[in-house]
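Student: Dropping in final_9.txt, with compact mmCIF, C-alpha atoms and all ligand atoms.
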# COMPACT_ATOMS: atom_id res chain seq x y z
CA MET A 1 -26.36 -40.14 -5.21
CA ILE A 2 -25.25 -37.70 -2.50
CA ARG A 3 -26.57 -40.05 0.19
CA GLU A 4 -24.66 -43.09 -1.02
CA PHE A 5 -21.75 -41.97 1.16
CA ASP A 6 -23.83 -41.49 4.30
CA THR A 7 -22.38 -43.03 7.43
CA PRO A 8 -24.54 -43.60 10.53
CA LEU A 9 -23.22 -40.27 11.83
CA MET A 10 -24.21 -38.42 8.65
CA LYS A 11 -27.70 -39.97 8.78
CA GLU A 12 -27.97 -38.75 12.36
CA MET A 13 -26.90 -35.26 11.25
CA ARG A 14 -29.60 -35.21 8.56
CA GLY A 15 -32.18 -35.99 11.26
CA HIS A 16 -31.46 -32.83 13.28
CA ARG A 17 -34.37 -30.66 14.35
CA SER A 18 -34.42 -28.15 17.20
CA ILE A 19 -36.51 -29.24 20.18
CA ARG A 20 -38.54 -26.66 22.08
CA GLN A 21 -40.62 -28.98 24.27
CA TYR A 22 -39.04 -31.40 26.71
CA LYS A 23 -40.12 -34.25 28.97
CA PRO A 24 -39.48 -33.54 32.66
CA ASP A 25 -37.06 -36.50 32.93
CA ARG A 26 -33.60 -35.66 34.20
CA LEU A 27 -30.53 -36.93 32.36
CA PRO A 28 -28.82 -40.00 33.90
CA ALA A 29 -25.88 -39.21 36.17
CA GLY A 30 -22.70 -38.62 34.17
CA MET A 31 -24.37 -38.15 30.79
CA VAL A 32 -23.65 -34.42 30.49
CA GLN A 33 -20.05 -35.00 31.50
CA ALA A 34 -19.72 -37.74 28.85
CA ILE A 35 -21.21 -35.46 26.20
CA ILE A 36 -18.98 -32.50 27.00
CA SER A 37 -15.79 -34.51 27.37
CA SER A 38 -16.33 -36.12 23.95
CA ALA A 39 -17.14 -32.71 22.45
CA GLN A 40 -13.87 -31.33 23.83
CA MET A 41 -12.10 -33.24 21.08
CA ALA A 42 -13.35 -30.61 18.60
CA SER A 43 -10.47 -28.92 16.83
CA THR A 44 -9.31 -25.86 18.72
CA SER A 45 -7.32 -22.92 17.49
CA SER A 46 -3.59 -23.36 18.24
CA PHE A 47 -4.56 -26.03 20.82
CA LEU A 48 -5.55 -23.19 23.16
CA GLN A 49 -9.11 -24.32 24.10
CA PHE A 50 -10.74 -20.92 24.33
CA TYR A 51 -14.05 -22.02 25.89
CA SER A 52 -15.97 -22.81 29.03
CA VAL A 53 -19.46 -24.17 29.54
CA VAL A 54 -21.74 -23.30 32.45
CA ALA A 55 -24.31 -26.06 33.10
CA VAL A 56 -27.45 -24.78 34.82
CA GLU A 57 -29.97 -27.12 36.46
CA ASP A 58 -31.18 -24.91 39.31
CA VAL A 59 -34.86 -24.10 38.69
CA GLY A 60 -34.61 -20.50 39.89
CA ARG A 61 -31.53 -19.76 37.80
CA LYS A 62 -33.06 -21.35 34.68
CA ASP A 63 -36.15 -19.24 35.24
CA ARG A 64 -34.08 -16.04 35.44
CA LEU A 65 -32.08 -17.01 32.34
CA ALA A 66 -35.29 -17.85 30.45
CA GLU A 67 -36.48 -14.30 31.19
CA LEU A 68 -33.13 -12.76 30.17
CA CYS A 69 -33.18 -14.72 26.89
CA GLY A 70 -36.49 -13.17 25.80
CA ASN A 71 -38.75 -15.29 28.02
CA GLN A 72 -38.12 -18.56 26.18
CA GLU A 73 -40.24 -21.19 27.93
CA HIS A 74 -38.13 -24.14 26.73
CA ILE A 75 -35.25 -22.90 28.93
CA ARG A 76 -37.50 -23.31 31.99
CA GLN A 77 -38.73 -26.68 30.76
CA CYS A 78 -35.50 -28.44 29.81
CA PRO A 79 -33.75 -30.33 32.62
CA ILE A 80 -30.38 -28.77 31.84
CA PHE A 81 -29.35 -25.53 30.17
CA LEU A 82 -25.79 -25.04 28.92
CA VAL A 83 -24.13 -21.69 28.34
CA PHE A 84 -21.15 -21.83 25.97
CA CYS A 85 -18.69 -19.05 26.60
CA ALA A 86 -15.74 -17.67 24.69
CA ASP A 87 -13.08 -17.86 27.39
CA VAL A 88 -9.78 -15.99 27.31
CA HIS A 89 -9.71 -15.57 31.11
CA ARG A 90 -8.00 -18.93 31.70
CA LEU A 91 -5.33 -18.03 29.15
CA LYS A 92 -4.77 -14.69 30.90
CA ARG A 93 -4.02 -16.73 34.02
CA VAL A 94 -1.61 -18.90 32.02
CA CYS A 95 0.22 -15.79 30.78
CA GLU A 96 0.42 -14.36 34.31
CA ARG A 97 1.84 -17.62 35.59
CA GLU A 98 4.30 -17.86 32.72
CA GLY A 99 5.29 -14.17 32.91
CA THR A 100 4.02 -13.06 29.48
CA ARG A 101 1.57 -10.30 28.60
CA ILE A 102 -1.69 -11.35 26.98
CA GLN A 103 -2.82 -9.44 23.87
CA THR A 104 -6.58 -9.09 23.58
CA LYS A 105 -7.11 -5.71 21.95
CA HIS A 106 -7.82 -7.00 18.47
CA VAL A 107 -11.13 -8.42 17.30
CA GLU A 108 -9.28 -11.56 16.18
CA SER A 109 -8.88 -12.83 19.78
CA PHE A 110 -12.64 -12.65 20.32
CA LEU A 111 -13.26 -14.25 16.94
CA ILE A 112 -10.92 -17.16 17.68
CA ALA A 113 -12.60 -17.78 21.02
CA THR A 114 -16.05 -17.57 19.41
CA VAL A 115 -15.17 -20.10 16.73
CA ASP A 116 -13.73 -22.46 19.36
CA ALA A 117 -16.85 -22.17 21.55
CA ALA A 118 -19.15 -22.72 18.54
CA LEU A 119 -17.24 -25.84 17.46
CA LEU A 120 -17.54 -27.22 20.98
CA ALA A 121 -21.26 -26.42 21.05
CA GLN A 122 -21.99 -28.15 17.74
CA ASN A 123 -20.05 -31.23 18.90
CA VAL A 124 -22.18 -31.24 22.06
CA ALA A 125 -25.31 -31.08 19.89
CA LEU A 126 -24.19 -34.09 17.84
CA ALA A 127 -23.20 -36.14 20.89
CA ALA A 128 -26.48 -35.30 22.65
CA GLU A 129 -28.60 -36.19 19.62
CA SER A 130 -26.73 -39.49 19.22
CA LEU A 131 -27.91 -40.33 22.76
CA GLY A 132 -31.54 -39.61 21.87
CA LEU A 133 -31.60 -36.18 23.48
CA GLY A 134 -32.97 -33.06 21.83
CA ILE A 135 -31.32 -29.65 21.77
CA VAL A 136 -31.97 -26.09 20.76
CA PHE A 137 -29.32 -23.39 20.56
CA ILE A 138 -30.22 -20.16 22.37
CA GLY A 139 -28.74 -17.00 20.82
CA GLY A 140 -31.10 -15.14 23.16
CA ILE A 141 -28.31 -15.52 25.73
CA ARG A 142 -26.78 -12.39 24.07
CA SER A 143 -29.95 -10.30 24.38
CA ARG A 144 -29.09 -8.99 27.85
CA PRO A 145 -25.42 -9.93 28.25
CA ARG A 146 -24.77 -7.71 31.30
CA GLU A 147 -27.40 -9.52 33.37
CA VAL A 148 -26.33 -12.97 32.10
CA ILE A 149 -22.70 -12.22 33.03
CA ALA A 150 -23.81 -11.17 36.52
CA GLU A 151 -26.11 -14.21 36.94
CA LEU A 152 -23.36 -16.67 35.95
CA GLU A 153 -20.55 -14.68 37.61
CA LEU A 154 -18.50 -14.73 34.42
CA PRO A 155 -15.05 -13.18 35.02
CA ASP A 156 -13.29 -10.74 32.68
CA LEU A 157 -12.44 -12.09 29.21
CA VAL A 158 -15.39 -14.49 29.29
CA PHE A 159 -18.48 -13.85 27.15
CA PRO A 160 -21.61 -15.98 26.58
CA ILE A 161 -21.76 -17.01 22.92
CA THR A 162 -24.78 -19.29 22.86
CA GLY A 163 -27.03 -21.20 25.20
CA MET A 164 -28.34 -24.71 24.57
CA CYS A 165 -31.35 -26.52 26.03
CA LEU A 166 -30.81 -30.22 26.54
CA GLY A 167 -33.33 -32.91 27.42
CA TYR A 168 -35.56 -35.71 26.19
CA PRO A 169 -37.81 -34.50 23.36
CA ALA A 170 -41.55 -34.33 24.06
CA VAL A 171 -42.24 -33.62 20.36
CA ASP A 172 -40.79 -34.57 16.98
CA PRO A 173 -41.06 -31.50 14.75
CA PRO A 174 -40.54 -31.74 10.98
CA ARG A 175 -37.04 -31.23 9.60
CA LYS A 176 -36.46 -27.88 7.90
CA PRO A 177 -34.85 -28.46 4.49
CA ARG A 178 -31.72 -26.39 3.95
CA LEU A 179 -30.73 -24.36 0.88
CA PRO A 180 -29.94 -26.34 -2.28
CA LEU A 181 -26.36 -27.57 -2.14
CA PRO A 182 -25.14 -25.49 -5.14
CA ALA A 183 -26.29 -22.33 -3.34
CA VAL A 184 -23.83 -23.12 -0.57
CA LEU A 185 -21.07 -25.12 -2.24
CA HIS A 186 -19.18 -22.99 -4.77
CA CYS A 187 -16.70 -24.55 -7.16
CA GLU A 188 -13.28 -22.91 -7.21
CA ARG A 189 -14.62 -19.35 -6.80
CA TYR A 190 -17.67 -17.68 -5.35
CA GLN A 191 -20.42 -17.77 -7.96
CA THR A 192 -22.90 -14.93 -7.77
CA GLU A 193 -24.53 -15.70 -11.16
CA GLU A 194 -26.87 -18.44 -9.94
CA ILE A 195 -27.95 -16.98 -6.60
CA ASP A 196 -31.44 -16.00 -7.78
CA THR A 197 -32.09 -19.35 -9.44
CA HIS A 198 -31.23 -21.19 -6.22
CA LEU A 199 -33.27 -18.79 -4.10
CA ASP A 200 -36.35 -19.18 -6.31
CA ALA A 201 -36.12 -22.98 -6.25
CA TYR A 202 -35.70 -23.00 -2.48
CA ASP A 203 -38.57 -20.59 -1.88
CA GLU A 204 -40.86 -22.70 -4.02
CA ARG A 205 -39.95 -25.77 -1.97
CA ILE A 206 -40.47 -24.02 1.37
CA ILE A 207 -43.78 -22.51 0.24
CA GLY A 208 -44.87 -25.99 -0.90
CA LEU A 209 -44.17 -27.32 2.59
CA GLU A 210 -46.35 -24.54 4.11
CA MET A 211 -43.79 -23.96 6.84
CA PHE A 212 -44.58 -20.29 7.41
CA GLU A 213 -48.06 -18.85 7.66
CA HIS A 214 -49.30 -15.36 8.62
CA LEU A 215 -51.10 -15.70 11.94
CA GLU A 216 -53.93 -13.35 10.91
CA THR A 217 -54.43 -13.88 7.17
CA GLY A 218 -53.32 -17.52 6.95
CA GLU A 219 -51.27 -16.55 3.88
CA VAL A 220 -48.35 -18.90 3.28
CA TYR A 221 -44.97 -17.25 2.71
CA GLY A 222 -41.48 -18.43 1.87
CA TRP A 223 -37.99 -18.42 3.32
CA MET A 224 -37.04 -15.18 1.54
CA ALA A 225 -39.95 -13.16 2.94
CA ARG A 226 -39.10 -14.43 6.41
CA ALA A 227 -35.33 -13.89 6.06
CA ALA A 228 -35.75 -10.40 4.62
CA ARG A 229 -37.92 -9.31 7.55
CA ARG A 230 -35.54 -10.88 10.04
CA MET A 231 -32.52 -9.15 8.48
CA ALA A 232 -34.25 -5.77 8.68
CA TYR A 233 -35.02 -5.79 12.41
CA ALA A 234 -34.29 -2.29 13.64
CA ASP A 235 -35.12 -2.23 17.33
CA PRO A 236 -32.09 -2.14 19.63
CA GLU A 237 -33.15 -5.16 21.70
CA ARG A 238 -33.44 -7.40 18.66
CA LEU A 239 -30.20 -6.01 17.21
CA ARG A 240 -28.53 -6.83 20.54
CA VAL A 241 -26.75 -3.49 20.52
CA ASP A 242 -25.31 -4.21 23.98
CA VAL A 243 -23.01 -6.95 22.67
CA GLY A 244 -20.22 -4.56 21.56
CA PRO A 245 -20.10 -2.41 24.72
CA VAL A 246 -20.33 -5.46 27.02
CA LEU A 247 -17.56 -7.22 25.11
CA ARG A 248 -15.34 -4.19 25.75
CA GLN A 249 -16.40 -4.17 29.41
CA GLN A 250 -15.31 -7.82 29.64
CA GLY A 251 -11.88 -6.86 28.33
CA PHE A 252 -12.17 -7.87 24.68
CA GLY A 253 -10.76 -5.23 22.34
CA LEU A 254 -12.46 -4.75 19.00
CA GLU A 255 -9.69 -3.04 17.05
C1 LIG B 301 -26.47 -19.65 17.24
C2 LIG B 301 -27.92 -20.03 17.22
C3 LIG B 301 -28.81 -19.35 18.02
C4 LIG B 301 -30.15 -19.74 18.09
N1 LIG B 301 -31.00 -19.11 18.96
C5 LIG B 301 -32.24 -19.59 19.14
C6 LIG B 301 -33.06 -19.06 20.18
O1 LIG B 301 -32.68 -18.13 20.92
N2 LIG B 301 -34.28 -19.60 20.35
C7 LIG B 301 -34.75 -20.64 19.58
O2 LIG B 301 -35.88 -21.09 19.82
N3 LIG B 301 -33.99 -21.16 18.58
C8 LIG B 301 -32.75 -20.67 18.35
N4 LIG B 301 -31.92 -21.23 17.40
C9 LIG B 301 -32.40 -22.38 16.61
C10 LIG B 301 -32.70 -21.99 15.16
O3 LIG B 301 -33.87 -21.22 15.12
C11 LIG B 301 -32.85 -23.27 14.34
O4 LIG B 301 -31.62 -23.98 14.35
C12 LIG B 301 -33.25 -22.95 12.90
O5 LIG B 301 -34.54 -22.42 12.86
C13 LIG B 301 -33.22 -24.22 12.04
O6 LIG B 301 -34.13 -25.17 12.57
P1 LIG B 301 -33.66 -26.62 13.00
O7 LIG B 301 -32.56 -26.48 14.01
O8 LIG B 301 -34.91 -27.27 13.60
O9 LIG B 301 -33.23 -27.33 11.76
C14 LIG B 301 -30.60 -20.82 17.28
C15 LIG B 301 -29.69 -21.47 16.43
C16 LIG B 301 -28.37 -21.09 16.41
C17 LIG B 301 -27.40 -21.83 15.51
Please lay out the structure from this file as structure tokens.
Tutor:
Amino acid sequence: MIREFDTPLMKEMRGHRSIRQYKPDRLPAGMVQAIISSAQMASTSSFLQFYSVVAVEDVGRKDRLAELCGNQEHIRQCPIFLVFCADVHRLKRVCEREGTRIQTKHVESFLIATVDAALLAQNVALAAESLGLGIVFIGGIRSRPREVIAELELPDLVFPITGMCLGYPAVDPPRKPRLPLPAVLHCERYQTEEIDTHLDAYDERIIGLEMFEHLETGEVYGWMARAARRMAYADPERLRVDVGPVLRQQGFGLE
């Protein structure tokens, strides 16, 4: 019933899976440019286009970024690694040229730029997948933001939001089913009453698929056990405690 409305694009979206192993093949000349220019048509807050992308192909630089992102091998392996940045620097330049004073002390300006960069990134993912490429987002780009900013020479008011590996898939991993629709789509008002019912149904499905297994005991566990552990990480590196201070250092206020 839900799928009766599926367009070719929606079918493509349902086929998404993150790719963490790539063939060594490079992308044809101009493909990345085509992907990013089409993705630029994403909606953008107030038509201000608060983003920049740094495309990294240099082997040495990818190797250093892989290390900074928690030693993620797929960053070394993919032919091209993109870093999506919230970018208010260019708009500061616009204000200087136009003789106005930019306001960046409130958290809202960082939030706007983050939303814009994320919309661009997801459009890039869709365009890339439609061309037969595989992608994986890399939030690890925020693990050591100081070093990433130095490596990519990001100016003030620019902050790396997410990385993305891009390349031809060497594997075809199974799709990970998402939460049941009624858990996510609320009618008219947020409905807390049914949360547990949806969670139980989802956990049962995920356990049935044997997606998560303890390395030592082989015991199968569900999405909730995994999510609860993930949400309780306490060590500073995993909590990325540097993000706030480095944002301030880059000139973003968090008032
Ligand atoms: C903002 C963001 C950051 C992510 N960071 C990483 C990452 O650093 N490393 C990684 O291997 N996957 C990363 N992922 C991929 C998720 O783990 C993946 O999307 C999720 O497990 C769902 O799997 P699927 O994309 O195959 O459906 C990230 C995804 C998003 C949206």
Student: What residues have an atom no more than 7 Å from (-32.0, -23.4, 21.1) in the file's own frame, counting all atoms listed in the file, and can you write them as a VMD selection string?
Tutor: chain A and resid 18 135 to 138 163 to 165
Student: Using only C-alpha atoms, which of A:Val56, A:Leu154, A:Leu209, A:Val171 sits nearest Leu247 in chain A?
Tutor: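 Going through A:Val56, A:Leu154, A:Leu209, A:Val171 one by one, the smallest distance to Leu247 in chain A is for A:Leu154.
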Student: Enclose ligand LIG 301 (chain B), meaning all of its atoms listed in the file, in a box aligned along x, y and z, pad it by 3 Å on each side, and list the centre and edge lengths in Å to one decimal, as JSON.
Tutor:
{"center_x": -31.2, "center_y": -22.7, "center_z": 16.3, "size_x": 15.4, "size_y": 15.2, "size_z": 15.2}
Student: Ligand LIG 301 (chain B): which residues are within 10 Å, counting only C-alpha atoms and all ligand atoms? Reply as a compact mmCIF listing (two decimals) with C-alpha atoms, keeping the file's coordinate frame.
Tutor:
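Result file pocket_35.txt:
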# COMPACT_ATOMS: atom_id res chain seq x y z
CA ARG A 14 -29.60 -35.21 8.56
CA GLY A 15 -32.18 -35.99 11.26
CA HIS A 16 -31.46 -32.83 13.28
CA ARG A 17 -34.37 -30.66 14.35
CA SER A 18 -34.42 -28.15 17.20
CA ILE A 19 -36.51 -29.24 20.18
CA ARG A 20 -38.54 -26.66 22.08
CA ALA A 66 -35.29 -17.85 30.45
CA CYS A 69 -33.18 -14.72 26.89
CA GLY A 70 -36.49 -13.17 25.80
CA ASN A 71 -38.75 -15.29 28.02
CA GLN A 72 -38.12 -18.56 26.18
CA GLU A 73 -40.24 -21.19 27.93
CA HIS A 74 -38.13 -24.14 26.73
CA ILE A 75 -35.25 -22.90 28.93
CA ALA A 118 -19.15 -22.72 18.54
CA ALA A 121 -21.26 -26.42 21.05
CA GLN A 122 -21.99 -28.15 17.74
CA ILE A 135 -31.32 -29.65 21.77
CA VAL A 136 -31.97 -26.09 20.76
CA PHE A 137 -29.32 -23.39 20.56
CA ILE A 138 -30.22 -20.16 22.37
CA GLY A 139 -28.74 -17.00 20.82
CA GLY A 140 -31.10 -15.14 23.16
CA ILE A 141 -28.31 -15.52 25.73
CA ARG A 142 -26.78 -12.39 24.07
CA SER A 143 -29.95 -10.30 24.38
CA ILE A 161 -21.76 -17.01 22.92
CA THR A 162 -24.78 -19.29 22.86
CA GLY A 163 -27.03 -21.20 25.20
CA MET A 164 -28.34 -24.71 24.57
CA CYS A 165 -31.35 -26.52 26.03
CA ASP A 172 -40.79 -34.57 16.98
CA PRO A 173 -41.06 -31.50 14.75
CA PRO A 174 -40.54 -31.74 10.98
CA ARG A 175 -37.04 -31.23 9.60
CA LYS A 176 -36.46 -27.88 7.90
CA PRO A 177 -34.85 -28.46 4.49
CA ARG A 178 -31.72 -26.39 3.95
Student: With only C-alpha atoms as the basis for distance, which of A:Arg76, A:Arg248, A:Arg90, A:Arg64 is at the shortest distance from Ser52 in chain A?
Tutor: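 For Ser52 in chain A, the nearest of the given residues is A:Arg90.
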Student: Taking the partial coordinates given, rebuild range 127-157 of chain A to contain N, CA and C atoms; return it as a PDB file, in the frame of the given file.
Tutor:
ATOM      1  N   ALA A 127     -23.314 -35.075  19.873  1.00  0.00           N
ATOM      2  CA  ALA A 127     -23.200 -36.140  20.890  1.00  0.00           C
ATOM      3  C   ALA A 127     -24.546 -36.327  21.587  1.00  0.00           C
ATOM      4  N   ALA A 128     -25.195 -35.220  21.933  1.00  0.00           N
ATOM      5  CA  ALA A 128     -26.480 -35.300  22.650  1.00  0.00           C
ATOM      6  C   ALA A 128     -27.533 -35.988  21.778  1.00  0.00           C
ATOM      7  N   GLU A 129     -27.593 -35.596  20.510  1.00  0.00           N
ATOM      8  CA  GLU A 129     -28.600 -36.190  19.620  1.00  0.00           C
ATOM      9  C   GLU A 129     -28.327 -37.679  19.413  1.00  0.00           C
ATOM     10  N   SER A 130     -27.047 -38.060  19.409  1.00  0.00           N
ATOM     11  CA  SER A 130     -26.730 -39.490  19.220  1.00  0.00           C
ATOM     12  C   SER A 130     -27.196 -40.314  20.423  1.00  0.00           C
ATOM     13  N   LEU A 131     -27.426 -39.633  21.560  1.00  0.00           N
ATOM     14  CA  LEU A 131     -27.910 -40.330  22.760  1.00  0.00           C
ATOM     15  C   LEU A 131     -29.433 -40.248  22.884  1.00  0.00           C
ATOM     16  N   GLY A 132     -30.080 -39.709  21.840  1.00  0.00           N
ATOM     17  CA  GLY A 132     -31.540 -39.610  21.870  1.00  0.00           C
ATOM     18  C   GLY A 132     -32.060 -38.360  22.542  1.00  0.00           C
ATOM     19  N   LEU A 133     -31.159 -37.439  22.886  1.00  0.00           N
ATOM     20  CA  LEU A 133     -31.600 -36.180  23.480  1.00  0.00           C
ATOM     21  C   LEU A 133     -31.962 -35.187  22.388  1.00  0.00           C
ATOM     22  N   GLY A 134     -32.692 -34.147  22.751  1.00  0.00           N
ATOM     23  CA  GLY A 134     -32.970 -33.060  21.830  1.00  0.00           C
ATOM     24  C   GLY A 134     -32.276 -31.809  22.330  1.00  0.00           C
ATOM     25  N   ILE A 135     -31.998 -30.903  21.407  1.00  0.00           N
ATOM     26  CA  ILE A 135     -31.320 -29.650  21.770  1.00  0.00           C
ATOM     27  C   ILE A 135     -31.939 -28.490  21.015  1.00  0.00           C
ATOM     28  N   VAL A 136     -31.793 -27.293  21.577  1.00  0.00           N
ATOM     29  CA  VAL A 136     -31.970 -26.090  20.760  1.00  0.00           C
ATOM     30  C   VAL A 136     -30.940 -25.057  21.214  1.00  0.00           C
ATOM     31  N   PHE A 137     -30.270 -24.473  20.256  1.00  0.00           N
ATOM     32  CA  PHE A 137     -29.320 -23.390  20.560  1.00  0.00           C
ATOM     33  C   PHE A 137     -30.113 -22.157  21.007  1.00  0.00           C
ATOM     34  N   ILE A 138     -29.528 -21.352  21.873  1.00  0.00           N
ATOM     35  CA  ILE A 138     -30.220 -20.160  22.370  1.00  0.00           C
ATOM     36  C   ILE A 138     -29.313 -18.926  22.202  1.00  0.00           C
ATOM     37  N   GLY A 139     -29.469 -18.256  21.052  1.00  0.00           N
ATOM     38  CA  GLY A 139     -28.740 -17.000  20.820  1.00  0.00           C
ATOM     39  C   GLY A 139     -29.289 -15.885  21.703  1.00  0.00           C
ATOM     40  N   GLY A 140     -30.495 -16.108  22.234  1.00  0.00           N
ATOM     41  CA  GLY A 140     -31.100 -15.140  23.160  1.00  0.00           C
ATOM     42  C   GLY A 140     -30.214 -14.870  24.378  1.00  0.00           C
ATOM     43  N   ILE A 141     -29.222 -15.709  24.601  1.00  0.00           N
ATOM     44  CA  ILE A 141     -28.310 -15.520  25.730  1.00  0.00           C
ATOM     45  C   ILE A 141     -27.528 -14.191  25.568  1.00  0.00           C
ATOM     46  N   ARG A 142     -27.481 -13.664  24.310  1.00  0.00           N
ATOM     47  CA  ARG A 142     -26.780 -12.390  24.070  1.00  0.00           C
ATOM     48  C   ARG A 142     -27.719 -11.186  24.073  1.00  0.00           C
ATOM     49  N   SER A 143     -29.008 -11.422  24.401  1.00  0.00           N
ATOM     50  CA  SER A 143     -29.950 -10.300  24.380  1.00  0.00           C
ATOM     51  C   SER A 143     -29.673  -9.319  25.509  1.00  0.00           C
ATOM     52  N   ARG A 144     -29.390  -9.856  26.694  1.00  0.00           N
ATOM     53  CA  ARG A 144     -29.090  -8.990  27.850  1.00  0.00           C
ATOM     54  C   ARG A 144     -27.814  -9.477  28.512  1.00  0.00           C
ATOM     55  N   PRO A 145     -26.678  -9.306  27.804  1.00  0.00           N
ATOM     56  CA  PRO A 145     -25.420  -9.930  28.250  1.00  0.00           C
ATOM     57  C   PRO A 145     -24.956  -9.485  29.630  1.00  0.00           C
ATOM     58  N   ARG A 146     -25.217  -8.205  29.980  1.00  0.00           N
ATOM     59  CA  ARG A 146     -24.770  -7.710  31.300  1.00  0.00           C
ATOM     60  C   ARG A 146     -25.370  -8.558  32.423  1.00  0.00           C
ATOM     61  N   GLU A 147     -26.694  -8.774  32.312  1.00  0.00           N
ATOM     62  CA  GLU A 147     -27.400  -9.520  33.370  1.00  0.00           C
ATOM     63  C   GLU A 147     -26.971 -10.994  33.372  1.00  0.00           C
ATOM     64  N   VAL A 148     -26.758 -11.564  32.172  1.00  0.00           N
ATOM     65  CA  VAL A 148     -26.330 -12.970  32.100  1.00  0.00           C
ATOM     66  C   VAL A 148     -24.951 -13.121  32.748  1.00  0.00           C
ATOM     67  N   ILE A 149     -24.063 -12.178  32.457  1.00  0.00           N
ATOM     68  CA  ILE A 149     -22.700 -12.220  33.030  1.00  0.00           C
ATOM     69  C   ILE A 149     -22.768 -12.153  34.551  1.00  0.00           C
ATOM     70  N   ALA A 150     -23.662 -11.280  35.066  1.00  0.00           N
ATOM     71  CA  ALA A 150     -23.810 -11.170  36.520  1.00  0.00           C
ATOM     72  C   ALA A 150     -24.402 -12.458  37.103  1.00  0.00           C
ATOM     73  N   GLU A 151     -25.432 -12.995  36.440  1.00  0.00           N
ATOM     74  CA  GLU A 151     -26.110 -14.210  36.940  1.00  0.00           C
ATOM     75  C   GLU A 151     -25.132 -15.387  37.025  1.00  0.00           C
ATOM     76  N   LEU A 152     -24.260 -15.504  36.013  1.00  0.00           N
ATOM     77  CA  LEU A 152     -23.360 -16.670  35.950  1.00  0.00           C
ATOM     78  C   LEU A 152     -21.973 -16.368  36.529  1.00  0.00           C
ATOM     79  N   GLU A 153     -21.822 -15.121  37.006  1.00  0.00           N
ATOM     80  CA  GLU A 153     -20.550 -14.680  37.610  1.00  0.00           C
ATOM     81  C   GLU A 153     -19.378 -14.919  36.662  1.00  0.00           C
ATOM     82  N   LEU A 154     -19.567 -14.548  35.400  1.00  0.00           N
ATOM     83  CA  LEU A 154     -18.500 -14.730  34.420  1.00  0.00           C
ATOM     84  C   LEU A 154     -17.403 -13.698  34.670  1.00  0.00           C
ATOM     85  N   PRO A 155     -16.143 -14.125  34.787  1.00  0.00           N
ATOM     86  CA  PRO A 155     -15.050 -13.180  35.020  1.00  0.00           C
ATOM     87  C   PRO A 155     -14.700 -12.405  33.748  1.00  0.00           C
ATOM     88  N   ASP A 156     -13.727 -11.495  33.855  1.00  0.00           N
ATOM     89  CA  ASP A 156     -13.290 -10.740  32.680  1.00  0.00           C
ATOM     90  C   ASP A 156     -12.775 -11.719  31.612  1.00  0.00           C
ATOM     91  N   LEU A 157     -12.862 -11.295  30.368  1.00  0.00           N
ATOM     92  CA  LEU A 157     -12.440 -12.090  29.210  1.00  0.00           C
ATOM     93  C   LEU A 157     -13.224 -13.392  29.037  1.00  0.00           C
TER      94      LEU A 157
END
